[in-house]
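File shown here: protein39.txt, holding compact mmCIF, C-alpha atoms.
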# COMPACT_ATOMS: atom_id res chain seq x y z
CA MET M 6 34.68 -241.99 -114.24
CA SER M 7 31.54 -243.48 -115.70
CA THR M 8 28.21 -242.18 -116.81
CA GLY M 9 25.49 -241.72 -114.25
CA LEU M 10 22.64 -243.70 -112.77
CA ASN M 11 18.90 -243.35 -113.26
CA ILE M 12 16.47 -243.63 -110.36
CA GLU M 13 15.98 -247.39 -110.80
CA GLN M 14 19.75 -247.97 -110.65
CA ILE M 15 20.03 -245.71 -107.59
CA MET M 16 17.31 -247.73 -105.86
CA GLU M 17 19.29 -250.92 -106.57
CA ILE M 18 22.24 -249.41 -104.67
CA LEU M 19 20.57 -247.43 -101.86
CA PRO M 20 18.01 -248.92 -99.46
CA HIS M 21 16.18 -245.57 -99.07
CA ARG M 22 12.66 -245.06 -100.39
CA TYR M 23 10.18 -242.17 -100.42
CA PRO M 24 10.15 -239.90 -98.50
CA PHE M 25 13.78 -240.49 -97.48
CA LEU M 26 15.41 -241.00 -100.87
CA MET M 27 17.17 -237.67 -101.43
CA VAL M 28 18.77 -238.37 -104.82
CA ASP M 29 16.86 -238.22 -108.11
CA LYS M 30 19.72 -238.85 -110.52
CA ILE M 31 23.47 -239.49 -110.55
CA LEU M 32 25.08 -237.57 -113.41
CA GLU M 33 28.62 -238.93 -112.98
CA ILE M 34 30.09 -241.64 -110.81
CA ASP M 35 33.62 -242.81 -110.14
CA PRO M 36 32.99 -245.92 -108.01
CA GLY M 37 34.88 -245.82 -104.74
CA LYS M 38 35.87 -242.18 -105.26
CA SER M 39 33.12 -239.67 -106.06
CA ALA M 40 29.69 -238.97 -107.51
CA LEU M 41 27.72 -236.01 -108.81
CA GLY M 42 23.97 -236.13 -108.24
CA LEU M 43 20.75 -234.15 -108.58
CA LYS M 44 17.84 -233.56 -106.23
CA ASN M 45 14.77 -231.74 -107.52
CA VAL M 46 13.09 -229.91 -104.64
CA SER M 47 9.31 -230.04 -105.03
CA ILE M 48 6.59 -228.27 -103.04
CA ASN M 49 5.05 -231.75 -102.69
CA GLU M 50 7.84 -232.85 -100.30
CA PRO M 51 6.13 -233.82 -97.01
CA TYR M 52 8.44 -231.74 -94.81
CA PHE M 53 7.18 -228.46 -96.29
CA MET M 54 3.87 -228.87 -94.44
CA GLY M 55 5.55 -228.32 -91.08
CA HIS M 56 8.94 -226.75 -91.76
CA PHE M 57 8.42 -222.98 -91.77
CA PRO M 58 4.83 -223.00 -93.13
CA GLY M 59 4.31 -220.05 -95.45
CA HIS M 60 8.07 -219.84 -96.08
CA PRO M 61 9.05 -223.30 -97.38
CA VAL M 62 12.75 -224.15 -97.06
CA MET M 63 14.36 -227.57 -97.24
CA PRO M 64 15.63 -228.64 -93.80
CA GLY M 65 19.42 -228.42 -93.54
CA VAL M 66 19.68 -231.93 -92.12
CA LEU M 67 18.07 -233.27 -95.30
CA MET M 68 20.69 -231.48 -97.40
CA ILE M 69 23.34 -233.25 -95.30
CA GLU M 70 21.52 -236.54 -95.91
CA ALA M 71 21.48 -235.84 -99.67
CA MET M 72 25.27 -235.33 -99.68
CA ALA M 73 25.71 -238.58 -97.74
CA GLN M 74 23.42 -240.51 -100.10
CA VAL M 75 25.33 -239.32 -103.17
CA GLY M 76 28.53 -240.42 -101.42
CA ALA M 77 26.91 -243.77 -100.60
CA CYS M 78 26.13 -244.26 -104.30
CA ALA M 79 29.86 -243.89 -105.07
CA LEU M 80 30.80 -246.25 -102.24
CA LEU M 81 28.17 -248.94 -102.72
CA ALA M 82 28.78 -249.07 -106.49
CA VAL M 83 32.05 -250.87 -105.65
CA ASP M 84 31.53 -254.64 -105.88
CA LYS M 85 33.11 -255.43 -102.49
CA TYR M 86 30.64 -253.09 -100.73
CA ARG M 87 27.48 -254.15 -102.62
CA ASN M 88 26.24 -256.28 -99.71
CA HIS M 89 26.69 -253.48 -97.15
CA LEU M 90 24.67 -250.61 -95.72
CA ALA M 91 26.36 -247.27 -95.14
CA TYR M 92 24.97 -245.46 -92.10
CA LEU M 93 25.56 -241.76 -91.50
CA ALA M 94 27.80 -241.72 -88.42
CA GLY M 95 28.69 -238.05 -88.00
CA VAL M 96 29.26 -234.67 -89.60
CA ASP M 97 32.08 -232.12 -89.37
CA HIS M 98 32.55 -228.57 -90.56
CA ILE M 99 29.04 -228.27 -92.03
CA ARG M 100 28.25 -224.74 -93.19
CA PHE M 101 25.00 -223.46 -94.64
CA ARG M 102 25.15 -220.38 -96.82
CA ARG M 103 21.53 -220.37 -97.98
CA MET M 104 18.56 -222.71 -98.01
CA ALA M 105 16.87 -224.59 -100.81
CA SER M 106 13.26 -223.84 -101.76
CA PRO M 107 10.63 -225.53 -103.93
CA GLY M 108 11.60 -225.39 -107.60
CA ASP M 109 15.34 -225.61 -106.92
CA THR M 110 17.50 -228.28 -108.50
CA LEU M 111 20.36 -229.18 -106.20
CA LEU M 112 23.69 -230.23 -107.70
CA ILE M 113 25.32 -232.49 -105.13
CA LYS M 114 29.03 -233.37 -105.24
CA SER M 115 30.37 -235.99 -102.86
CA GLU M 116 33.82 -237.53 -102.66
CA LEU M 117 35.09 -240.30 -100.45
CA LEU M 118 38.19 -239.26 -98.52
CA ASN M 119 39.16 -242.51 -96.79
CA ILE M 120 37.89 -245.83 -95.49
CA LYS M 121 39.54 -247.74 -92.67
CA GLY M 122 37.86 -250.96 -91.65
CA ASN M 123 34.15 -250.25 -91.44
CA ILE M 124 34.47 -246.47 -90.89
CA GLY M 125 34.87 -243.90 -93.65
CA LYS M 126 34.86 -240.20 -94.28
CA GLY M 127 33.55 -238.13 -97.17
CA ARG M 128 33.15 -234.53 -98.21
CA GLY M 129 30.17 -232.97 -99.96
CA GLU M 130 28.93 -229.74 -101.43
CA ILE M 131 25.51 -228.67 -102.69
CA SER M 132 25.06 -225.85 -105.15
CA ILE M 133 22.47 -224.22 -107.38
CA ASP M 134 23.77 -222.48 -110.51
CA ASN M 135 27.35 -222.39 -109.10
CA ASP M 136 26.10 -220.81 -105.85
CA THR M 137 27.09 -222.98 -102.86
CA LEU M 138 24.25 -223.74 -100.44
CA CYS M 139 26.14 -225.95 -98.02
CA LYS M 140 29.26 -228.02 -97.70
CA GLY M 141 31.03 -230.13 -95.14
CA GLU M 142 32.32 -233.55 -94.20
CA PHE M 143 30.43 -236.67 -93.19
CA TRP M 144 31.40 -239.93 -91.51
CA PHE M 145 29.81 -243.27 -92.30
CA SER M 146 29.76 -246.73 -90.83
CA LEU M 147 29.68 -249.79 -93.09
CA ASN M 148 27.64 -252.76 -91.96
CA GLN M 149 27.45 -256.01 -93.89
CA LEU M 150 24.00 -257.34 -94.67
CA GLU M 151 23.10 -260.77 -93.36
CA GLY M 152 22.31 -263.55 -95.80
Transcribe the structure of this file into structure tokens.
Amino acid sequence: MSTGLNIEQIMEILPHRYPFLMVDKILEIDPGKSALGLKNVSINEPYFMGHFPGHPVMPGVLMIEAMAQVGACALLAVDKYRNHLAYLAGVDHIRFRRMASPGDTLLIKSELLNIKGNIGKGRGEISIDNDTLCKGEFWFSLNQLEG
């Protein structure tokens, strides 16, 4: 297990950019195995304008994306996968217990369960102050970059 990644290091690993980068910081990373990340939910997020106006909650699909991106940081930190993109390919057993709101800091745990060929599976959980918001499994597809 190694120390984390700052936003510049995350952006070297992930291709995502605003408004689709869902990870602000990686606190811990074990390349090829797991990562622990943070997402600060701000009222300035563009989705709050149209997602339940007057009662801002972070869309559940974006919480799933945040879990997948933290998992992708763990995966793409491995040298042999550095020249790949990891696409979200599916989700299983996703459960939402409560939603995130502006001002929340999400603690996102993701672990890689297995990789076979160019398909892999991971598991993630998001919490705030030890209170689980959502958890579940995600599938990803690895695609090598050209060039």
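Among the candidates M:Thr137, M:Asn49, M:Gln74, M:Ser106, the one nearest to Leu93 in chain M when counting all atoms listed in the file is M:Gln74.
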Worksheet item: Is there a way to get, as a ChimeraX atom specification, all residues within 8 Å of the point (35.2, -242.4, -104.1) in file coordinates, counting only C-alpha atoms?
Response: /M:35-40,76,79-80,116-118
Quick one: write out the picked residues with C-alpha atoms as a short mmCIF file (atom, residue, chain, number, x, y, z; two decimals), keeping the file's coordinate frame?
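Output contents, as saved in out-v6.cif:
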data_model
loop_
_atom_site.label_atom_id
_atom_site.label_comp_id
_atom_site.auth_asym_id
_atom_site.auth_seq_id
_atom_site.Cartn_x
_atom_site.Cartn_y
_atom_site.Cartn_z
CA ASP M 35 33.62 -242.81 -110.14
CA PRO M 36 32.99 -245.92 -108.01
CA GLY M 37 34.88 -245.82 -104.74
CA LYS M 38 35.87 -242.18 -105.26
CA SER M 39 33.12 -239.67 -106.06
CA ALA M 40 29.69 -238.97 -107.51
CA GLY M 76 28.53 -240.42 -101.42
CA ALA M 79 29.86 -243.89 -105.07
CA LEU M 80 30.80 -246.25 -102.24
CA GLU M 116 33.82 -237.53 -102.66
CA LEU M 117 35.09 -240.30 -100.45
CA LEU M 118 38.19 -239.26 -98.52
#
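Distance annotation: of M:Met16, M:Leu111, M:Leu147, M:Met63, the residue with the minimal separation from Ile131 in chain M is M:Leu111; atom set is all atoms listed in the file.
Atom pair CA of Cys139 in chain M / CA of Ala71 in chain M has a distance of 11.1 Å (rounded to one decimal).
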Fill in: Shortest interatomic distance to Asp109 in chain M - which of M:Asn45, M:Gln14, M:Ser7, M:Ser132, counting all atoms listed in the file
M:Asn45
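The two atoms in question, CA of Val62 in chain M and CA of Ser115 in chain M, are spaced 22.0 Å apart.
Minimum atom-to-atom distances from M:Val83, M:Val75, M:Ile124, M:Ile69 to Asp97 in chain M were compared using all atoms listed in the file, and the lowest value belongs to M:Ile69.
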Item to complete: Extract, using all atoms listed in the file, all DNA, RNA and protein residues at most 12 Å from Leu90 in chain M, discarding same-chain residues fewer than 6 positions from it, and format them as a ChimeraX atom specification.
Response: /M:18-21,74,77-78,80-82,123-124,145-151
